[in-house]
>>> print(open('work-v2.txt').read())   # compact mmCIF, C-alpha atoms
# COMPACT_ATOMS: atom_id res chain seq x y z
CA MET A 354 19.80 8.57 -20.95
CA ASN A 355 21.05 11.69 -19.15
CA ALA A 356 18.15 13.72 -20.53
CA ILE A 357 15.62 11.17 -19.24
CA LEU A 358 17.15 11.14 -15.77
CA LYS A 359 17.38 14.95 -15.62
CA TYR A 360 13.77 15.33 -16.75
CA HIS A 361 12.37 13.04 -14.06
CA LEU A 362 14.67 14.45 -11.37
CA ARG A 363 13.52 17.99 -12.13
CA GLN A 364 9.92 16.79 -12.19
CA LEU A 365 10.36 15.34 -8.69
CA LEU A 366 12.06 18.51 -7.40
CA ASN A 367 9.37 20.74 -8.89
CA TYR A 368 6.67 18.63 -7.27
CA TRP A 369 8.41 18.99 -3.89
CA TYR A 370 8.92 22.75 -4.22
CA HIS A 371 5.31 23.32 -5.26
CA LEU A 372 4.09 21.90 -1.96
CA ARG A 373 3.36 24.41 0.72
CA PHE A 374 6.17 25.07 3.17
CA ARG A 375 4.01 23.87 6.06
CA ILE A 376 3.25 20.55 4.33
CA ARG A 377 6.95 20.00 3.57
CA VAL A 378 7.87 20.63 7.20
CA GLU A 379 5.14 18.27 8.41
CA LEU A 380 6.28 15.49 6.07
CA ILE A 381 9.90 15.89 7.17
CA ILE A 382 8.96 15.81 10.87
CA LEU A 383 6.76 12.72 10.45
CA PHE A 384 9.47 10.93 8.49
CA LEU A 385 12.15 11.79 11.07
CA ILE A 386 9.96 10.42 13.88
CA PHE A 387 9.29 7.25 11.91
CA PHE A 388 12.96 6.88 10.89
CA THR A 389 14.54 7.45 14.31
CA PHE A 390 12.06 5.27 16.22
CA PHE A 391 12.28 2.20 14.00
CA THR A 392 16.03 2.60 13.45
CA ASP A 393 16.60 2.54 17.21
CA LYS A 394 14.32 -0.48 17.75
CA LEU A 395 15.77 -2.46 14.82
CA THR A 396 19.38 -1.67 15.76
CA ARG A 397 18.86 -3.15 19.21
CA TYR A 398 17.09 -6.18 17.76
CA PHE A 399 19.75 -6.84 15.10
CA THR A 400 22.52 -6.46 17.69
CA GLN A 401 20.85 -9.06 19.88
CA LEU A 402 20.47 -11.42 16.91
CA LEU A 403 24.12 -11.04 15.86
CA ALA A 404 25.23 -11.75 19.44
CA GLN A 405 23.80 -15.26 19.11
CA PRO A 406 26.25 -17.90 17.85
CA ASP A 407 23.92 -19.28 15.15
CA THR A 408 23.34 -15.88 13.44
CA SER A 409 25.92 -14.42 11.07
CA PRO A 410 25.93 -10.94 9.47
CA ILE A 411 25.71 -12.39 5.97
CA GLY A 412 22.82 -14.62 6.98
CA LEU A 413 20.88 -11.74 8.52
CA THR A 414 21.62 -9.54 5.51
CA THR A 415 20.47 -12.20 3.06
CA LEU A 416 17.21 -12.69 4.97
CA LEU A 417 16.51 -8.94 5.01
CA LEU A 418 17.40 -8.73 1.32
CA HIS A 419 14.82 -11.35 0.40
CA PHE A 420 12.21 -9.61 2.54
CA LEU A 421 12.69 -6.50 0.37
CA LEU A 422 12.88 -8.51 -2.86
CA VAL A 423 9.56 -10.24 -2.20
CA ILE A 424 7.87 -6.83 -1.85
CA ILE A 425 9.48 -5.62 -5.09
CA PHE A 426 8.58 -8.78 -7.01
CA ILE A 427 4.97 -8.82 -5.77
CA THR A 428 4.25 -5.20 -6.74
CA THR A 429 6.03 -5.18 -10.12
CA PRO A 430 3.20 -6.68 -12.27
CA PHE A 431 0.60 -4.34 -10.77
CA ILE A 432 2.79 -1.35 -11.61
CA TYR A 433 3.30 -2.61 -15.16
CA PHE A 434 -0.32 -3.43 -15.92
CA ASN A 435 -2.23 -0.81 -13.88
CA LEU A 436 0.06 2.23 -13.58
CA PHE A 437 2.31 2.19 -16.64
CA PRO A 438 -0.55 2.48 -19.18
CA LYS A 439 -1.80 5.64 -17.43
CA GLN A 440 1.52 7.51 -17.77
CA LYS A 441 1.32 10.23 -20.41
CA GLY A 442 5.10 10.56 -20.36
CA LEU A 443 5.54 6.96 -21.48
CA SER A 444 3.07 7.46 -24.32
CA THR A 445 4.98 10.52 -25.53
CA LEU A 446 8.46 9.02 -25.19
CA SER A 447 7.38 5.84 -26.99
CA LEU A 448 7.24 7.92 -30.20
CA PHE A 449 10.98 8.65 -29.99
CA PRO A 450 13.66 6.29 -31.37
CA LEU A 451 15.04 5.36 -27.95
CA LYS A 452 18.08 3.17 -27.54
CA LYS A 453 17.82 -0.08 -25.61
CA SER A 454 19.69 1.39 -22.64
CA GLU A 455 17.41 4.45 -22.68
CA THR A 456 14.31 2.27 -22.81
CA LEU A 457 15.47 0.24 -19.82
CA THR A 458 16.39 3.41 -17.92
CA LEU A 459 12.96 4.90 -18.63
CA GLN A 460 11.12 1.87 -17.26
CA LEU A 461 13.38 1.62 -14.21
CA VAL A 462 12.77 5.30 -13.41
CA TYR A 463 9.01 4.72 -13.39
CA PHE A 464 9.41 1.55 -11.33
CA PHE A 465 11.50 3.47 -8.80
CA LYS A 466 8.86 6.20 -8.75
CA TYR A 467 6.20 3.76 -7.59
CA HIS A 468 8.56 1.89 -5.27
CA VAL A 469 9.76 5.04 -3.52
CA LEU A 470 7.48 4.43 -0.53
CA ILE A 471 8.94 0.93 -0.13
CA PHE A 472 12.46 2.37 -0.24
CA LEU A 473 11.58 4.98 2.39
CA ILE A 474 10.13 2.29 4.66
CA SER A 475 13.26 0.16 4.18
CA LEU A 476 15.62 3.01 5.17
CA PRO A 477 15.37 2.22 8.93
CA ILE A 478 16.13 -1.44 8.15
CA LEU A 479 19.22 -0.54 6.12
CA THR A 480 20.43 2.02 8.65
CA ALA A 481 20.02 -0.43 11.53
CA LEU A 482 21.94 -3.03 9.53
CA VAL A 483 24.82 -0.59 8.99
CA LEU A 484 24.96 0.27 12.70
CA SER A 485 24.88 -3.37 13.81
CA ALA A 486 26.77 -5.23 11.05
CA GLY A 487 28.76 -2.84 8.87
CA LEU A 488 28.61 -0.73 5.70
CA GLN A 489 29.72 -3.49 3.32
CA TYR A 490 26.44 -5.37 3.76
CA ILE A 491 24.44 -2.38 2.51
CA LEU A 492 26.37 -2.46 -0.76
CA TYR A 493 25.45 -6.13 -1.01
CA ILE A 494 21.73 -5.37 -0.55
CA VAL A 495 21.76 -2.41 -2.97
CA PHE A 496 23.48 -4.45 -5.71
CA PHE A 497 21.12 -7.40 -5.50
CA SER A 498 18.02 -5.21 -5.12
CA PHE A 499 18.90 -3.25 -8.26
CA SER A 500 19.69 -6.46 -10.16
CA SER A 501 16.40 -8.01 -9.08
CA LEU A 502 14.47 -4.90 -10.10
CA ILE A 503 15.98 -5.17 -13.60
CA LEU A 504 15.18 -8.88 -13.67
CA SER A 505 11.54 -8.43 -12.61
CA THR A 506 11.06 -5.61 -15.15
CA ILE A 507 12.36 -7.67 -18.07
CA LEU A 508 10.53 -10.80 -16.93
CA VAL A 509 7.15 -9.02 -16.91
CA LEU A 510 7.91 -7.50 -20.34
CA PHE A 511 8.81 -10.92 -21.78
CA LEU A 512 5.75 -12.65 -20.36
CA ALA A 513 3.41 -9.81 -21.38
CA ARG A 514 4.70 -10.04 -24.95
CA LYS A 515 4.39 -13.83 -25.09
CA TYR A 516 0.96 -14.23 -23.45
CA HIS A 517 -2.00 -12.12 -24.45
CA LEU A 518 -4.15 -12.65 -21.34
CA ARG A 519 -3.06 -10.88 -18.16
CA ILE A 520 -4.00 -13.87 -15.99
CA GLN A 521 -1.52 -16.03 -17.93
CA VAL A 522 1.26 -13.54 -17.31
CA LEU A 523 0.50 -13.24 -13.60
CA PHE A 524 0.25 -17.01 -13.14
CA ARG A 525 3.66 -17.72 -14.68
CA TYR A 526 5.31 -14.75 -13.01
CA TYR A 527 4.15 -15.64 -9.49
CA LEU A 528 4.86 -19.32 -10.12
CA PHE A 529 8.48 -18.38 -10.82
CA LEU A 530 8.54 -16.24 -7.67
CA ILE A 531 7.09 -19.00 -5.44
CA LEU A 532 9.53 -21.61 -6.80
CA TYR A 533 12.49 -19.31 -6.15
CA ILE A 534 11.35 -18.48 -2.60
CA LEU A 535 10.86 -22.17 -1.81
CA PHE A 536 14.29 -22.98 -3.23
CA PHE A 537 15.91 -20.20 -1.23
CA ALA A 538 14.11 -21.25 1.97
CA VAL A 539 15.39 -24.83 1.63
CA MET A 540 18.96 -23.66 0.98
CA TYR A 541 18.81 -21.10 3.80
CA TRP A 542 17.43 -23.28 6.58
CA PHE A 543 19.03 -26.63 5.74
CA THR A 544 22.40 -25.77 4.15
CA ASN A 545 25.16 -23.19 4.31
CA LEU A 546 25.32 -22.75 0.56
CA TYR A 547 22.49 -20.20 0.22
CA PHE A 548 24.85 -17.30 -0.50
CA TYR A 549 26.63 -19.02 -3.40
CA THR A 550 23.44 -20.49 -4.87
CA MET A 551 21.76 -17.08 -4.71
CA ILE A 552 24.66 -15.49 -6.62
CA LEU A 553 24.52 -18.22 -9.27
CA VAL A 554 20.74 -17.88 -9.63
CA ILE A 555 20.92 -14.08 -9.96
CA LEU A 556 23.79 -14.21 -12.48
CA ALA A 557 22.04 -16.87 -14.56
CA ALA A 558 18.75 -14.99 -14.48
CA LEU A 559 20.43 -11.71 -15.46
CA THR A 560 22.23 -13.43 -18.34
CA ILE A 561 18.93 -14.76 -19.65
CA ALA A 562 17.26 -11.37 -19.05
CA ILE A 563 19.93 -9.58 -21.12
CA LYS A 564 19.32 -11.93 -24.05
CA VAL A 565 15.55 -11.49 -23.71
CA TRP A 566 15.95 -7.71 -23.60
CA GLU A 567 18.04 -7.73 -26.77
CA LYS A 568 15.19 -9.42 -28.62
CA HIS A 569 12.10 -7.78 -27.12
CA SER A 570 13.10 -4.29 -25.96
CA GLU A 571 11.62 -2.62 -29.05
CA ASP A 572 8.14 -3.97 -28.31
CA TRP A 573 7.67 -2.39 -24.89
CA ASP A 574 5.33 0.38 -26.13
CA GLN A 575 3.17 -2.05 -28.15
CA ILE A 576 2.69 -4.18 -25.07
CA LEU A 577 1.61 -1.14 -23.06
CA ASN A 578 -0.95 -0.25 -25.74
CA ARG A 579 -2.49 -3.69 -25.25
CA TYR A 580 -3.10 -2.97 -21.57
CA ARG A 581 -4.30 0.62 -21.75
CA ALA A 582 -6.74 1.47 -18.97
CA VAL A 583 -10.37 0.92 -19.90
CA ALA A 584 -13.15 3.07 -18.46
CA GLN A 585 -14.95 1.37 -15.61
CA LYS A 586 -18.56 0.42 -16.21
CA SER A 587 -21.29 0.58 -13.64
CA SER A 588 -22.41 -2.55 -11.90
CA GLN A 589 -25.49 -3.91 -13.65
CA ALA A 590 -26.85 -5.64 -10.56
CA LEU A 591 -27.51 -2.38 -8.74
CA SER A 592 -28.08 -0.05 -11.70
CA LYS A 593 -31.82 0.22 -10.92
CA LEU A 594 -31.11 1.80 -7.54
CA THR A 595 -31.16 5.59 -8.04
CA TYR A 596 -31.34 8.70 -5.94
CA PHE A 597 -35.12 8.93 -6.29
CA ASN A 598 -35.94 5.39 -5.10
CA PHE A 599 -33.21 5.25 -2.44
CA PRO A 600 -34.66 4.65 1.05
CA ARG A 601 -34.86 7.84 3.13
CA LEU A 602 -33.58 6.74 6.53
CA ILE A 603 -31.63 9.84 7.54
CA PRO A 604 -32.32 13.58 7.87
CA LYS A 605 -32.75 15.56 4.66
CA SER A 606 -29.72 17.72 5.38
CA PHE A 607 -27.42 14.69 5.02
CA SER A 608 -29.36 12.46 2.62
CA PRO A 609 -28.27 13.94 -0.79
CA LEU A 610 -24.54 13.67 -0.14
CA LEU A 611 -24.79 10.34 1.66
CA ILE A 612 -26.84 8.82 -1.16
CA LYS A 613 -24.35 10.20 -3.68
CA GLU A 614 -21.43 8.59 -1.81
CA PHE A 615 -23.25 5.29 -1.39
CA LEU A 616 -24.35 5.05 -5.04
CA SER A 617 -20.87 5.93 -6.32
CA HIS A 618 -19.51 3.03 -4.27
CA ILE A 619 -21.99 0.33 -5.19
CA ARG A 620 -21.86 1.22 -8.91
CA ASN A 621 -18.13 0.58 -8.98
CA LYS A 622 -17.49 -3.10 -9.72
CA ASN A 623 -13.96 -2.93 -8.36
CA TYR A 624 -15.22 -1.47 -5.10
CA ILE A 625 -17.87 -4.17 -4.61
CA ARG A 626 -15.40 -6.91 -5.56
CA LEU A 627 -12.92 -5.57 -3.00
CA LYS A 628 -15.52 -5.57 -0.22
CA ILE A 629 -16.66 -9.12 -0.96
CA PHE A 630 -13.11 -10.44 -1.25
CA SER A 631 -12.01 -8.72 1.98
CA LEU A 632 -14.97 -10.12 3.93
CA ALA A 633 -14.39 -13.62 2.51
CA VAL A 634 -10.71 -13.60 3.49
CA TYR A 635 -11.51 -12.10 6.89
CA LEU A 636 -14.17 -14.73 7.63
CA SER A 637 -11.83 -17.54 6.57
CA LEU A 638 -9.07 -16.24 8.86
CA LEU A 639 -11.51 -15.96 11.76
CA ILE A 640 -12.53 -19.59 11.29
CA LEU A 641 -8.87 -20.68 11.15
CA ILE A 642 -8.08 -18.73 14.32
CA GLY A 643 -11.02 -20.32 16.09
CA THR A 644 -9.83 -23.77 15.03
CA PHE A 645 -6.11 -23.56 15.86
CA TYR A 646 -5.69 -20.64 18.31
CA PHE A 647 -8.76 -20.84 20.49
CA GLU A 648 -6.80 -20.04 23.65
CA TYR A 649 -5.91 -16.56 22.30
CA TYR A 650 -9.08 -16.14 20.26
CA THR A 651 -10.16 -12.66 21.36
CA SER A 652 -6.65 -11.20 21.17
CA ALA A 653 -6.08 -12.69 17.72
CA ILE A 654 -9.45 -11.38 16.50
CA SER A 655 -8.65 -7.87 17.73
CA ILE A 656 -5.23 -7.79 16.03
CA LEU A 657 -6.55 -9.33 12.80
CA THR A 658 -9.48 -6.89 12.60
CA ILE A 659 -7.27 -3.85 13.26
CA LEU A 660 -4.87 -4.93 10.50
CA LEU A 661 -7.80 -5.60 8.15
CA ILE A 662 -9.35 -2.19 8.72
CA TRP A 663 -6.01 -0.42 8.34
CA GLU A 664 -5.19 -2.18 5.08
CA HIS A 665 -8.71 -2.29 3.69
CA TYR A 666 -9.39 1.43 4.02
CA SER A 667 -6.20 2.34 2.21
CA HIS A 668 -8.32 1.78 -0.94
CA GLN A 669 -9.91 5.15 -0.17
CA PHE A 670 -6.81 6.69 -1.77
CA ASN A 671 -6.79 4.51 -4.87
CA GLU A 672 -8.46 6.01 -7.96
CA LYS A 673 -9.48 2.51 -8.99
CA TYR A 674 -12.04 2.57 -6.17
CA VAL A 675 -12.57 6.23 -5.23
CA LEU A 676 -12.27 9.16 -7.64
CA LYS A 677 -10.79 12.49 -6.65
CA GLU A 678 -13.11 15.41 -6.03
CA SER A 679 -13.31 18.47 -8.24
CA ARG A 680 -12.56 21.88 -6.72
CA PHE A 681 -15.54 23.29 -8.63
CA TYR A 682 -17.82 20.56 -7.23
CA ILE A 683 -16.84 21.34 -3.64
CA ARG A 684 -17.09 25.11 -4.01
CA VAL A 685 -20.61 25.16 -5.48
CA LEU A 686 -22.17 22.82 -2.92
CA PRO A 687 -24.34 24.74 -0.41
CA ILE A 688 -23.27 22.56 2.50
CA THR A 689 -21.27 22.79 5.69
CA TYR A 690 -18.06 20.98 6.58
CA ILE A 691 -19.94 18.68 8.97
CA GLN A 692 -22.41 17.62 6.28
CA TYR A 693 -19.65 16.89 3.78
CA SER A 694 -17.39 14.96 6.16
CA LEU A 695 -20.19 13.08 7.93
CA SER A 696 -21.57 11.80 4.62
CA LYS A 697 -18.20 10.25 3.76
CA PHE A 698 -17.88 8.83 7.27
CA LEU A 699 -21.34 7.20 7.34
CA SER A 700 -21.08 5.80 3.80
CA GLU A 701 -18.18 3.59 4.92
CA PHE A 702 -19.38 2.76 8.41
CA LEU A 703 -21.78 0.13 7.03
CA TYR A 704 -18.78 -2.11 6.32
CA ILE A 705 -17.68 -1.73 9.95
CA ILE A 706 -21.15 -2.78 11.12
CA ILE A 707 -20.90 -5.96 9.03
CA VAL A 708 -17.48 -6.73 10.53
CA LEU A 709 -18.83 -6.19 14.06
CA ILE A 710 -21.78 -8.52 13.37
CA LEU A 711 -19.39 -11.24 12.13
CA ILE A 712 -17.28 -10.89 15.28
CA LEU A 713 -20.37 -11.03 17.50
CA ILE A 714 -21.77 -14.15 15.82
CA LEU A 715 -18.49 -16.10 15.83
CA THR A 716 -17.57 -15.20 19.41
CA LEU A 717 -21.03 -16.24 20.61
CA LEU A 718 -20.74 -19.55 18.72
CA HIS A 719 -17.39 -20.18 20.40
CA GLY A 720 -18.87 -19.56 23.84
CA ILE A 721 -16.72 -16.52 24.69
CA GLU A 722 -17.66 -14.61 27.83
CA LEU A 723 -19.87 -11.57 27.27
CA ILE A 724 -17.42 -9.14 28.90
CA ARG A 725 -14.62 -10.28 26.56
CA ILE A 726 -16.92 -9.92 23.55
CA VAL A 727 -17.80 -6.37 24.61
CA ASN A 728 -14.09 -5.56 25.00
CA VAL A 729 -13.27 -6.81 21.50
CA LEU A 730 -16.22 -4.96 19.93
CA GLY A 731 -15.26 -1.80 21.82
CA ILE A 732 -11.62 -1.91 20.67
CA VAL A 733 -12.59 -2.60 17.05
CA THR A 734 -15.25 0.13 17.05
CA LEU A 735 -12.90 2.68 18.60
CA PHE A 736 -10.13 1.95 16.10
CA SER A 737 -12.59 1.95 13.19
CA VAL A 738 -14.03 5.31 14.16
CA PHE A 739 -10.50 6.71 14.49
CA VAL A 740 -9.49 5.40 11.04
CA LEU A 741 -12.64 6.67 9.32
CA TYR A 742 -12.36 10.02 11.07
CA LEU A 743 -8.73 10.30 9.93
CA ILE A 744 -9.62 9.28 6.38
CA THR A 745 -12.41 11.84 6.21
CA MET A 746 -10.10 14.69 7.24
CA ILE A 747 -7.31 13.59 4.90
CA ARG A 748 -9.66 13.25 1.93
CA VAL A 749 -10.88 16.81 2.52
CA LEU A 750 -7.32 18.07 2.92
CA PHE A 751 -6.00 16.27 -0.20
CA TYR A 752 -9.23 16.20 -2.18
CA ASP A 753 -7.41 16.45 -5.56
CA ASN A 754 -4.38 14.26 -4.77
CA PRO A 755 -5.34 10.73 -3.64
CA ARG A 756 -1.76 9.44 -3.69
CA MET A 757 -0.48 12.10 -1.29
CA ALA A 758 -3.52 11.46 0.88
CA GLY A 759 -2.61 7.77 1.02
CA TYR A 760 0.95 8.55 2.13
CA ALA A 761 -0.38 10.87 4.85
CA TYR A 762 -2.87 8.20 5.98
CA HIS A 763 -0.27 5.47 6.46
CA PHE A 764 2.23 7.78 8.14
CA LEU A 765 -0.38 9.07 10.58
CA ILE A 766 -1.57 5.55 11.46
CA ILE A 767 2.02 4.42 12.11
CA PHE A 768 2.79 7.61 14.04
CA SER A 769 -0.31 7.22 16.24
CA MET A 770 0.36 3.55 16.98
CA VAL A 771 4.01 4.22 17.82
CA MET A 772 3.17 7.10 20.15
CA ILE A 773 0.27 5.36 21.93
CA PHE A 774 1.92 1.96 22.48
CA ASN A 775 5.32 3.28 23.53
CA PHE A 776 4.52 6.46 25.48
CA TYR A 777 1.44 5.64 27.53
CA LEU A 778 0.90 9.16 28.96
CA VAL A 779 2.52 11.57 26.51
CA GLY A 780 1.77 9.53 23.37
CA PRO A 781 -2.04 9.79 23.40
CA ILE A 782 -1.85 13.51 24.25
CA ILE A 783 0.50 14.23 21.33
CA THR A 784 -1.65 12.10 19.01
CA ILE A 785 -4.78 14.03 20.01
CA PHE A 786 -3.06 17.37 19.36
CA VAL A 787 -1.87 16.17 15.94
CA ILE A 788 -5.37 15.00 15.01
CA LEU A 789 -6.89 18.30 16.17
CA TYR A 790 -4.32 20.19 14.12
CA ILE A 791 -5.19 18.16 11.01
CA GLN A 792 -8.87 18.78 11.75
CA PHE A 793 -8.18 22.52 11.84
CA ILE A 794 -6.26 22.68 8.57
CA SER A 795 -8.80 20.36 6.93
CA TYR A 796 -11.61 22.71 7.94
CA ARG A 797 -9.65 25.70 6.62
CA GLN A 798 -9.06 23.86 3.34
CA PHE A 799 -12.78 23.23 2.96
CA THR A 800 -13.85 26.79 3.82
CA LYS A 801 -11.44 28.24 1.24
>>> encode(input="work-v2.txt", output="structure tokens")
Amino acid sequence: MNAILKYHLRQLLNYWYHLRFRIRVELIILFLIFFTFFTDKLTRYFTQLLAQPDTSPIGLTTLLLHFLLVIIFITTPFIYFNLFPKQKGLSTLSLFPLKKSETLTLQLVYFFKYHVLIFLISLPILTALVLSAGLQYILYIVFFSFSSLILSTILVLFLARKYHLRIQVLFRYYLFLILYILFFAVMYWFTNLYFYTMILVILAALTIAIKVWEKHSEDWDQILNRYRAVAQKSSQALSKLTYFNFPRLIPKSFSPLLIKEFLSHIRNKNYIRLKIFSLAVYLSLLILIGTFYFEYYTSAISILTILLIWEHYSHQFNEKYVLKESRFYIRVLPITYIQYSLSKFLSEFLYIIIVLILILILTLLHGIELIRIVNVLGIVTLFSVFVLYLITMIRVLFYDNPRMAGYAYHFLIIFSMVMIFNFYLVGPIITIFVILYIQFISYRQFTK
């Protein structure tokens, strides 16, 4: 067990030390800004809540705990089915005669690796809770979070061994999660026994999980082999569309790269499925907003669209949808930085145009004033251009590391929103300087 922990700790430290000094400093500064801002805001908010007579420290702590647990429980199956099979370290270590404790430690280390961003985001919440309620409540959250992580790990392993189809596993897993959340909500809002019932549920679940682990811990590598990643196949519906019969609607200097980007997107079934699903959910939410919140229709549309664009374009840093670029590929292309970046920008802007058309049609059908429609379209377009511009620079800067690019994307979006909405004069100026600095280092990265 000690060897496994030391190996992964050294791997993490080596990864950190191999980053450039400038990148390490930038990450630390961004994290400190994020941490101090949200810690200050949440400390004030928690203090106000605890000052009310109907809010107790244990009640607030339990609610925050379940907020973190829901995130952990939701992401666990995706880590097990999509990320675990790709780990070469797991394939190698599965050949060793590991003990049951070592097997559990190994899986928990990999789960923590992919939950590290969630833990970093939760640090301001935990720090604000310490400052407003006390240190003992953090120990309570840490204990139950760790216990729940063990429980979710073993539960996915048990279900994956029992049911061959992934959809069966996910259905039963999320059914258990929904039933528990509903049970907790009833006990929390209508009784004062939620704390004791939660302890009993966790202890009972851990007791069952220990027995399940005793029986099925040796099969963990066989289950992973069943869900090994399969190479993605091209979409058959658009396979006849090639570079040679692609419509020439843009200048020749941009057309080869733009066509390449567009074809790589539409030939990826996961990418097309994501676009269709996102538009379907977005359209459904717009209809619901128009039905129940017509008084605040334009404001709700603006907020919903901004959140959609922010979340939707995070797929640009997921290898399931967009593959990383090769250094050799970039170096041999006889193109300029503008051609390369503009092709990536324009290939995704078509989705923005579709979103803008949906907003225009629905707002006109609801009889919204023209000036308010123009304001909504202007806000959405401005934010979309900013996001795509940021994505383009980050993808050039981290062309061979999509995961690091995704972290930088989310941190920069949060940083920009915090600065702009809280410091009306200084915030936009600082944000512009940060974006220009990223533009400069992105250009240098490309020219090298």
>>> closest_residue(input="work-v2.txt", among="A:His668, A:Ile427, A:Val749, A:Ser409", to="A:Leu523", atoms="only C-alpha atoms")
A:Ile427
>>> atom_distance(input="work-v2.txt", atom1="atom CA of A:Ile376", atom2="atom CA of A:Tyr760")
12.4 Å
>>> closest_residue(input="work-v2.txt", among="A:Glu614, A:Ser700, A:Tyr666, A:Leu715", to="A:Tyr650", atoms="all atoms listed in the file")
A:Leu715
>>> residues_around(input="work-v2.txt", residues="A:Leu709", least_positions_apart="6", cutoff="8 Å", atoms="only C-alpha atoms", output="number ranges by chain")
A: 730, 733-734
>>> closest_residue(input="work-v2.txt", among="A:Ala557, A:Arg797, A:Thr392, A:Ala761", to="A:Glu379", atoms="all atoms listed in the file")
A:Ala761
>>> atom_distance(input="work-v2.txt", atom1="atom CA of A:Ile662", atom2="atom CA of A:Ile705")
8.4 Å
>>> closest_residue(input="work-v2.txt", among="A:Ile386, A:Ile721, A:Ala538, A:Val522", to="A:Tyr433", atoms="all atoms listed in the file")
A:Val522
>>> residues_around(input="work-v2.txt", residues="A:Leu461", least_positions_apart="6", cutoff="12 Å", atoms="all atoms listed in the file", output="short mmCIF file (atom, residue, chain, number, x, y, z; two decimals) with C-alpha atoms, keeping the file's coordinate frame")
data_model
loop_
_atom_site.label_atom_id
_atom_site.label_comp_id
_atom_site.auth_asym_id
_atom_site.auth_seq_id
_atom_site.Cartn_x
_atom_site.Cartn_y
_atom_site.Cartn_z
CA MET A 354 19.80 8.57 -20.95
CA ILE A 357 15.62 11.17 -19.24
CA LEU A 358 17.15 11.14 -15.77
CA HIS A 361 12.37 13.04 -14.06
CA THR A 429 6.03 -5.18 -10.12
CA ILE A 432 2.79 -1.35 -11.61
CA TYR A 433 3.30 -2.61 -15.16
CA PHE A 437 2.31 2.19 -16.64
CA LEU A 443 5.54 6.96 -21.48
CA SER A 454 19.69 1.39 -22.64
CA GLU A 455 17.41 4.45 -22.68
CA TYR A 467 6.20 3.76 -7.59
CA HIS A 468 8.56 1.89 -5.27
CA VAL A 469 9.76 5.04 -3.52
CA PHE A 499 18.90 -3.25 -8.26
CA SER A 500 19.69 -6.46 -10.16
CA SER A 501 16.40 -8.01 -9.08
CA LEU A 502 14.47 -4.90 -10.10
CA ILE A 503 15.98 -5.17 -13.60
CA LEU A 504 15.18 -8.88 -13.67
CA SER A 505 11.54 -8.43 -12.61
CA THR A 506 11.06 -5.61 -15.15
CA ILE A 507 12.36 -7.67 -18.07
#
>>> atom_distance(input="work-v2.txt", atom1="atom CA of A:Ile656", atom2="atom CA of A:Ile642")
11.4 Å
>>> closest_residue(input="work-v2.txt", among="A:Ala481, A:Leu422, A:Ile710, A:Leu657", to="A:Arg397", atoms="all atoms listed in the file")
A:Ala481
>>> residues_around(input="work-v2.txt", residues="A:Tyr742", least_positions_apart="5", cutoff="12 Å", atoms="all atoms listed in the file", output="ChimeraX atom specification")
/A:666,691,694-699,701-702,734-737,747-749,762,766,788-789,791-792,795
>>> closest_residue(input="work-v2.txt", among="A:Ser485, A:Val740, A:Arg626, A:Gln364", to="A:Tyr398", atoms="all atoms listed in the file")
A:Ser485
>>> residues_around(input="work-v2.txt", residues="A:Arg525", least_positions_apart="2", cutoff="12 Å", atoms="all atoms listed in the file", output="ChimeraX atom specification")
/A:430,508-509,511-513,515-516,518-523,527-532
>>> build_atoms(input="work-v2.txt", residues="stretch 609-618 of chain A", atoms="N, CA and C atoms", output="JSON list (two decimals), keeping the file's coordinate frame")
[["chain", "number", "residue", "atom", "x", "y", "z"],
["A", 609, "PRO", "N", -28.79, 13.85, 0.60],
["A", 609, "PRO", "CA", -28.27, 13.94, -0.79],
["A", 609, "PRO", "C", -26.82, 13.51, -0.92],
["A", 610, "LEU", "N", -25.96, 14.02, -0.05],
["A", 610, "LEU", "CA", -24.54, 13.67, -0.14],
["A", 610, "LEU", "C", -24.29, 12.22, 0.23],
["A", 611, "LEU", "N", -24.99, 11.73, 1.25],
["A", 611, "LEU", "CA", -24.79, 10.34, 1.66],
["A", 611, "LEU", "C", -25.23, 9.38, 0.57],
["A", 612, "ILE", "N", -26.36, 9.67, -0.07],
["A", 612, "ILE", "CA", -26.84, 8.82, -1.16],
["A", 612, "ILE", "C", -25.86, 8.87, -2.34],
["A", 613, "LYS", "N", -25.35, 10.05, -2.60],
["A", 613, "LYS", "CA", -24.35, 10.20, -3.68],
["A", 613, "LYS", "C", -23.12, 9.34, -3.40],
["A", 614, "GLU", "N", -22.61, 9.39, -2.17],
["A", 614, "GLU", "CA", -21.43, 8.59, -1.81],
["A", 614, "GLU", "C", -21.74, 7.10, -1.91],
["A", 615, "PHE", "N", -22.89, 6.70, -1.40],
["A", 615, "PHE", "CA", -23.25, 5.29, -1.39],
["A", 615, "PHE", "C", -23.43, 4.75, -2.81],
["A", 616, "LEU", "N", -24.12, 5.50, -3.66],
["A", 616, "LEU", "CA", -24.35, 5.05, -5.04],
["A", 616, "LEU", "C", -23.05, 5.00, -5.83],
["A", 617, "SER", "N", -22.15, 5.95, -5.61],
["A", 617, "SER", "CA", -20.87, 5.93, -6.32],
["A", 617, "SER", "C", -20.05, 4.72, -5.93],
["A", 618, "HIS", "N", -20.23, 4.23, -4.70],
["A", 618, "HIS", "CA", -19.51, 3.03, -4.27],
["A", 618, "HIS", "C", -20.09, 1.77, -4.89]]
